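**Student:** As input, take query.cif (mmCIF, C-alpha atoms):
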```cif
data_model
#
loop_
_atom_site.group_PDB
_atom_site.id
_atom_site.type_symbol
_atom_site.label_atom_id
_atom_site.label_comp_id
_atom_site.auth_asym_id
_atom_site.auth_seq_id
_atom_site.Cartn_x
_atom_site.Cartn_y
_atom_site.Cartn_z
ATOM 1 C CA MET A 770 -25.482 181.660 163.891
ATOM 2 C CA GLY A 771 -22.717 180.006 165.939
ATOM 3 C CA THR A 772 -19.977 181.560 167.975
ATOM 4 C CA MET A 773 -16.724 182.294 166.139
ATOM 5 C CA ILE A 774 -14.306 180.140 168.105
ATOM 6 C CA THR A 775 -10.554 179.895 167.653
ATOM 7 C CA ILE A 776 -8.791 176.818 169.050
ATOM 8 C CA CYS A 777 -5.075 176.911 169.820
ATOM 9 C CA GLU A 778 -2.511 174.878 171.702
ATOM 10 C CA ASP A 779 -1.986 176.400 175.142
ATOM 11 C CA ASP A 780 0.989 176.478 177.510
ATOM 12 C CA LEU A 781 -1.275 177.094 180.542
ATOM 13 C CA SER A 782 0.535 180.293 181.492
ATOM 14 C CA GLY A 783 -2.395 182.718 181.154
ATOM 15 C CA ASP A 784 -4.636 183.822 183.987
ATOM 16 C CA ALA A 785 -7.833 183.061 182.045
ATOM 17 C CA VAL A 786 -6.935 179.409 181.452
ATOM 18 C CA ARG A 787 -5.741 178.979 185.034
ATOM 19 C CA ASP A 788 -9.020 180.458 186.319
ATOM 20 C CA LEU A 789 -11.009 178.065 184.115
ATOM 21 C CA LEU A 790 -8.947 175.123 185.403
ATOM 22 C CA ARG A 791 -9.680 176.155 189.002
ATOM 23 C CA LEU A 792 -13.392 176.299 188.167
ATOM 24 C CA HIS A 793 -13.129 172.850 186.528
ATOM 25 C CA MET A 794 -11.414 171.295 189.561
ATOM 26 C CA ALA A 795 -13.938 172.829 191.961
ATOM 27 C CA ALA A 796 -16.833 171.471 189.885
ATOM 28 C CA MET A 797 -15.290 167.992 189.688
ATOM 29 C CA GLU A 798 -14.676 167.922 193.437
ATOM 30 C CA GLY A 799 -18.157 169.292 194.158
ATOM 31 C CA ASN A 800 -19.910 166.692 191.988
ATOM 32 C CA SER A 801 -17.846 163.611 192.832
ATOM 33 C CA PRO A 802 -17.412 161.421 195.907
ATOM 34 C CA ALA A 803 -14.136 161.779 197.807
ATOM 35 C CA GLY A 804 -11.371 159.828 196.107
ATOM 36 C CA SER A 805 -13.209 159.713 192.767
ATOM 37 C CA VAL A 806 -11.803 162.832 191.097
ATOM 38 C CA PHE A 807 -9.265 162.034 188.387
ATOM 39 C CA ALA A 808 -9.207 165.496 186.810
ATOM 40 C CA LEU A 809 -5.704 166.832 186.345
ATOM 41 C CA ASP A 810 -4.616 170.006 188.070
ATOM 42 C CA LEU A 811 -2.280 172.539 186.479
ATOM 43 C CA SER A 812 0.889 170.553 187.175
ATOM 44 C CA GLY A 813 -0.735 167.345 185.910
ATOM 45 C CA LEU A 814 -1.688 169.036 182.649
ATOM 46 C CA GLN A 815 1.888 170.229 182.171
ATOM 47 C CA ALA A 816 3.172 166.648 181.822
ATOM 48 C CA ARG A 817 5.114 165.831 178.653
ATOM 49 C CA GLU A 818 2.502 163.375 177.334
ATOM 50 C CA ILE A 819 -0.342 165.913 177.505
ATOM 51 C CA THR A 820 -1.330 168.522 174.922
ATOM 52 C CA VAL A 821 -3.793 171.221 175.984
ATOM 53 C CA TRP A 822 -5.975 173.330 173.702
ATOM 54 C CA THR A 823 -8.076 176.318 174.594
ATOM 55 C CA ALA A 824 -11.024 177.757 172.704
ATOM 56 C CA TRP A 825 -11.378 181.530 172.448
ATOM 57 C CA GLU A 826 -13.914 184.059 171.267
ATOM 58 C CA GLY A 827 -11.750 187.094 170.720
ATOM 59 C CA ASP A 828 -9.835 187.573 173.961
ATOM 60 C CA ARG A 829 -12.349 185.619 176.084
ATOM 61 C CA ILE A 830 -11.638 182.008 176.982
ATOM 62 C CA ALA A 831 -14.547 179.785 175.979
ATOM 63 C CA GLY A 832 -13.245 176.337 176.899
ATOM 64 C CA ILE A 833 -10.402 173.920 177.417
ATOM 65 C CA GLY A 834 -9.652 170.339 176.449
ATOM 66 C CA ALA A 835 -6.585 168.109 176.616
ATOM 67 C CA LEU A 836 -5.214 164.908 175.135
ATOM 68 C CA LYS A 837 -3.051 162.500 177.087
ATOM 69 C CA GLU A 838 -1.107 160.089 174.903
ATOM 70 C CA HIS A 839 -0.718 156.670 176.471
ATOM 71 C CA SER A 840 1.779 154.183 175.116
ATOM 72 C CA GLY A 841 0.643 152.441 171.973
ATOM 73 C CA GLU A 842 -2.599 153.269 170.241
ATOM 74 C CA LEU A 843 -4.496 155.049 173.031
ATOM 75 C CA GLY A 844 -5.305 158.716 173.548
ATOM 76 C CA GLU A 845 -7.325 159.980 176.518
ATOM 77 C CA ILE A 846 -9.479 163.090 176.790
ATOM 78 C CA LYS A 847 -8.702 165.152 179.884
ATOM 79 C CA SER A 848 -9.985 168.403 181.398
ATOM 80 C CA MET A 849 -12.854 169.174 179.023
ATOM 81 C CA ARG A 850 -14.633 172.267 180.334
ATOM 82 C CA THR A 851 -16.692 175.023 178.767
ATOM 83 C CA HIS A 852 -16.618 178.419 180.453
ATOM 84 C CA PRO A 853 -20.053 179.128 181.991
ATOM 85 C CA ASP A 854 -20.509 182.184 179.723
ATOM 86 C CA PHE A 855 -20.276 179.920 176.650
ATOM 87 C CA LEU A 856 -22.459 176.938 177.590
ATOM 88 C CA ARG A 857 -24.645 175.427 174.838
ATOM 89 C CA ARG A 858 -22.866 177.382 172.097
ATOM 90 C CA GLY A 859 -20.890 174.539 170.514
ATOM 91 C CA VAL A 860 -17.594 175.109 172.304
ATOM 92 C CA ALA A 861 -17.244 171.589 173.731
ATOM 93 C CA ALA A 862 -18.231 170.067 170.377
ATOM 94 C CA ALA A 863 -15.597 172.164 168.589
ATOM 95 C CA LEU A 864 -12.919 171.154 171.099
ATOM 96 C CA LEU A 865 -13.912 167.491 170.897
ATOM 97 C CA ASP A 866 -13.792 167.555 167.092
ATOM 98 C CA HIS A 867 -10.362 169.204 167.274
ATOM 99 C CA ILE A 868 -9.075 166.534 169.662
ATOM 100 C CA ILE A 869 -10.446 163.738 167.447
ATOM 101 C CA ASP A 870 -8.687 165.314 164.463
ATOM 102 C CA GLN A 871 -5.435 165.453 166.441
ATOM 103 C CA VAL A 872 -5.796 161.813 167.503
ATOM 104 C CA ARG A 873 -6.328 160.830 163.878
ATOM 105 C CA ALA A 874 -3.305 162.899 162.743
ATOM 106 C CA ARG A 875 -1.131 161.255 165.405
ATOM 107 C CA GLY A 876 -2.121 157.791 164.192
ATOM 108 C CA LEU A 877 -3.804 156.663 167.390
ATOM 109 C CA ALA A 878 -6.490 154.013 167.004
ATOM 110 C CA ARG A 879 -8.587 154.729 170.080
ATOM 111 C CA LEU A 880 -9.666 157.753 172.094
ATOM 112 C CA ALA A 881 -11.011 157.056 175.580
ATOM 113 C CA LEU A 882 -12.201 158.966 178.608
ATOM 114 C CA GLU A 883 -13.149 158.507 182.224
ATOM 115 C CA THR A 884 -15.981 160.535 183.688
ATOM 116 C CA GLY A 885 -18.426 160.491 186.554
ATOM 117 C CA SER A 886 -22.117 159.762 186.958
ATOM 118 C CA GLY A 887 -25.013 162.016 187.819
ATOM 119 C CA ASP A 888 -26.783 165.103 186.540
ATOM 120 C CA ALA A 889 -23.630 167.266 186.427
ATOM 121 C CA PHE A 890 -22.040 164.870 183.926
ATOM 122 C CA GLU A 891 -25.031 164.322 181.629
ATOM 123 C CA PRO A 892 -24.409 167.213 179.186
ATOM 124 C CA ALA A 893 -20.866 165.954 178.516
ATOM 125 C CA LEU A 894 -22.032 162.350 178.238
ATOM 126 C CA ALA A 895 -24.687 163.374 175.717
ATOM 127 C CA LEU A 896 -22.012 165.093 173.595
ATOM 128 C CA TYR A 897 -19.712 162.054 173.689
ATOM 129 C CA ARG A 898 -22.552 159.716 172.751
ATOM 130 C CA ARG A 899 -23.582 161.959 169.838
ATOM 131 C CA ARG A 900 -19.992 161.831 168.561
ATOM 132 C CA GLY A 901 -19.995 158.006 168.592
ATOM 133 C CA PHE A 902 -18.347 157.216 171.927
ATOM 134 C CA THR A 903 -19.474 153.902 173.428
ATOM 135 C CA PRO A 904 -19.046 152.423 176.916
ATOM 136 C CA CYS A 905 -15.844 150.464 177.512
ATOM 137 C CA GLU A 906 -13.865 148.833 180.289
ATOM 138 C CA ALA A 907 -11.572 150.751 182.620
ATOM 139 C CA PHE A 908 -8.235 151.522 180.947
ATOM 140 C CA GLY A 909 -4.774 152.671 181.987
ATOM 141 C CA ASP A 910 -4.440 153.019 185.749
ATOM 142 C CA TYR A 911 -8.167 153.483 186.388
ATOM 143 C CA THR A 912 -10.239 151.155 188.523
ATOM 144 C CA ALA A 913 -13.954 150.940 187.811
ATOM 145 C CA SER A 914 -16.323 152.029 190.587
ATOM 146 C CA ALA A 915 -20.036 152.630 191.018
ATOM 147 C CA PHE A 916 -19.401 156.327 190.222
ATOM 148 C CA ASN A 917 -17.079 156.457 187.255
ATOM 149 C CA GLN A 918 -17.770 155.525 183.654
ATOM 150 C CA PHE A 919 -15.493 154.832 180.699
ATOM 151 C CA PHE A 920 -16.113 155.543 177.022
ATOM 152 C CA GLU A 921 -14.148 155.036 173.838
ATOM 153 C CA TYR A 922 -14.122 156.163 170.244
ATOM 154 C CA ARG A 923 -12.420 153.858 167.784
ATOM 155 C CA LEU A 924 -10.694 155.520 164.858
ATOM 156 C CA SER A 925 -9.713 152.210 163.265
ATOM 157 C CA ASP A 926 -10.366 148.538 163.859
#
```
Could you write out this file's structure as structure tokens?

**Tutor:**
Amino acid sequence: MGTMITICEDDLSGDAVRDLLRLHMAAMEGNSPAGSVFALDLSGLQAREITVWTAWEGDRIAGIGALKEHSGELGEIKSMRTHPDFLRRGVAAALLDHIIDQVRARGLARLALETGSGDAFEPALALYRRRGFTPCEAFGDYTASAFNQFFEYRLSD
């Protein structure tokens, strides 16, 4: 039996979501070479073109995920993180499905992401691959490096 998760748009004002964002940033910085962290901090996630959702089990935060809308047909996944207490319980999959549904509803044709390489990133990469994401070229303002990887999910051709 799975966890009963509720996903809602979030204004990032609560302590629980801010604590999870701090944990996310620390993990990204701890598992990435200097200069290779493109995770958004609190102020970055508050930008007009970004929508943030949080996943909850009751009053406990289970995860976070965000969508950055680029000009045109492109959406980008940002700040996907499952709270350590909820790992391997379907939280990231539920958030990813929610974001894909939102991308589809907004009429975007492509959802992309940038992530790192190494053991710390493998669980997320496995999820993206299972959902049909495939490798792609660097997009937006990113520059490809030996560390980062880019994936996309096409909603229409």

**Student:** To verify the selection step, state as a VMD selection string which residues the PyMOL selection byres ((chain A and resi 846) around 6) yields on this input.

**Tutor:** chain A and resid 835 to 836 845 847 882

**Student:** Output the selection as an mmCIF file, in the coordinates of the input - C-alpha atoms for each residue.

**Tutor:**
```
data_model
loop_
_atom_site.group_PDB
_atom_site.id
_atom_site.type_symbol
_atom_site.label_atom_id
_atom_site.label_comp_id
_atom_site.auth_asym_id
_atom_site.auth_seq_id
_atom_site.Cartn_x
_atom_site.Cartn_y
_atom_site.Cartn_z
ATOM 1 C CA ALA A 835 -6.585 168.109 176.616
ATOM 2 C CA LEU A 836 -5.214 164.908 175.135
ATOM 3 C CA GLU A 845 -7.325 159.980 176.518
ATOM 4 C CA LYS A 847 -8.702 165.152 179.884
ATOM 5 C CA LEU A 882 -12.201 158.966 178.608
#
```

**Student:** Please evaluate the PyMOL selection byres ((chain A and resi 825) around 9) against the displayed coordinates and give the resulting residues as number ranges by chain.

**Tutor:** A: 773-777, 823-824, 826-832, 860

**Student:** Hey, which of A:Gly813, A:Gly834, A:Gly887, A:Phe902 ends up closest to His852 (chain A)? Count only C-alpha atoms.

**Tutor:**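 Of A:Gly813, A:Gly834, A:Gly887, A:Phe902, the one nearest His852 (chain A), counting only C-alpha atoms, is A:Gly834.
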
**Student:** Convert the output of the PyMOL selection byres ((chain A and resi 820) around 10) on the shown file into explicit residues, formatted as a PyMOL selection string.

**Tutor:** chain A and resi 778-780+814-819+821-822+834-838+846-847+868+871

**Student:** Please return the centre and edge lengths, in Å to one decimal, of a box with edges along x, y and z that contains all listed atoms of region 856-861 of chain A, widened by 6 Å on every side, as JSON.

**Tutor:**
```
{"center_x": -20.9, "center_y": 174.5, "center_z": 174.1, "size_x": 19.4, "size_y": 17.8, "size_z": 19.1}
```

**Student:** Taking only residues of region 772-866 of chain A that have an atom at most 9 Å from an atom of region 907-916 of chain A, what is each one's shortest atom pair and its distance in Å to one decimal, using all atoms listed in the file, in chain and number order, as a Markdown table?

**Tutor:**
```
| residue | atom | partner | partner_atom | distance |
| --- | --- | --- | --- | --- |
| A:Ser801 | CA | A:Phe916 | CA | 7.9 |
| A:Pro802 | CA | A:Phe916 | CA | 7.9 |
| A:Ser805 | CA | A:Phe916 | CA | 7.5 |
| A:Phe807 | CA | A:Tyr911 | CA | 8.8 |
| A:His839 | CA | A:Gly909 | CA | 7.9 |
```

**Student:** Enter the distance from CA of Pro904 (chain A) to CA of Leu809 (chain A), in Å, rounded to one decimal.

**Tutor:**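 Between CA of Pro904 (chain A) and CA of Leu809 (chain A) the gap works out to 21.8 Å.
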
**Student:** Suppose you want the space between CA of Gly804 (chain A) and CA of Leu789 (chain A); what is it in Å?

**Tutor:**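 Between CA of Gly804 (chain A) and CA of Leu789 (chain A) the gap works out to 21.8 Å.
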
**Student:** Report as a PyMOL selection string all protein, DNA and RNA residues lying within 10 Å of Ala889 (chain A), evaluated on only C-alpha atoms, omitting residues in the same chain fewer than 6 positions from it.

**Tutor:** chain A and resi 796-797+799-801

**Student:** Go through A:Ser886, A:Cys905, A:Ser848, A:Leu843 and flag the residue nearest Ser925 (chain A), using only C-alpha atoms for the distances.

**Tutor:**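 That would be A:Leu843, the residue with the smallest distance to Ser925 (chain A).
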
**Student:** Go ahead and find all residues with at least one atom no further than 6 Å from (-20.3, 168.4, 172.2) in the file's coordinates, using all atoms listed in the file; report them as a count of residues only.

**Tutor:** 3

**Student:** Using only C-alpha atoms, which of A:Leu856, A:Gly876, A:His867, A:Gly844 sits nearest Phe920 (chain A)?

**Tutor:** A:Gly844

**Student:** What does the distance from CA of Arg787 (chain A) to CA of Pro853 (chain A) come to in Å, to one decimal?

**Tutor:**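 Separating CA of Arg787 (chain A) from CA of Pro853 (chain A) is a distance of 14.6 Å.
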
**Student:** Nearest to Phe890 (chain A) among A:Ile869, A:Ser782, A:Ile833, A:Arg850, with distances taken over all atoms listed in the file: which residue is it?

**Tutor:** A:Arg850

**Student:** Taking only C-alpha atoms into account, name the residue in A:Gly841, A:Arg857, A:Pro892, A:Glu921 that is nearest to Leu880 (chain A).

**Tutor:**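 The answer is A:Glu921, which sits nearest to Leu880 (chain A).
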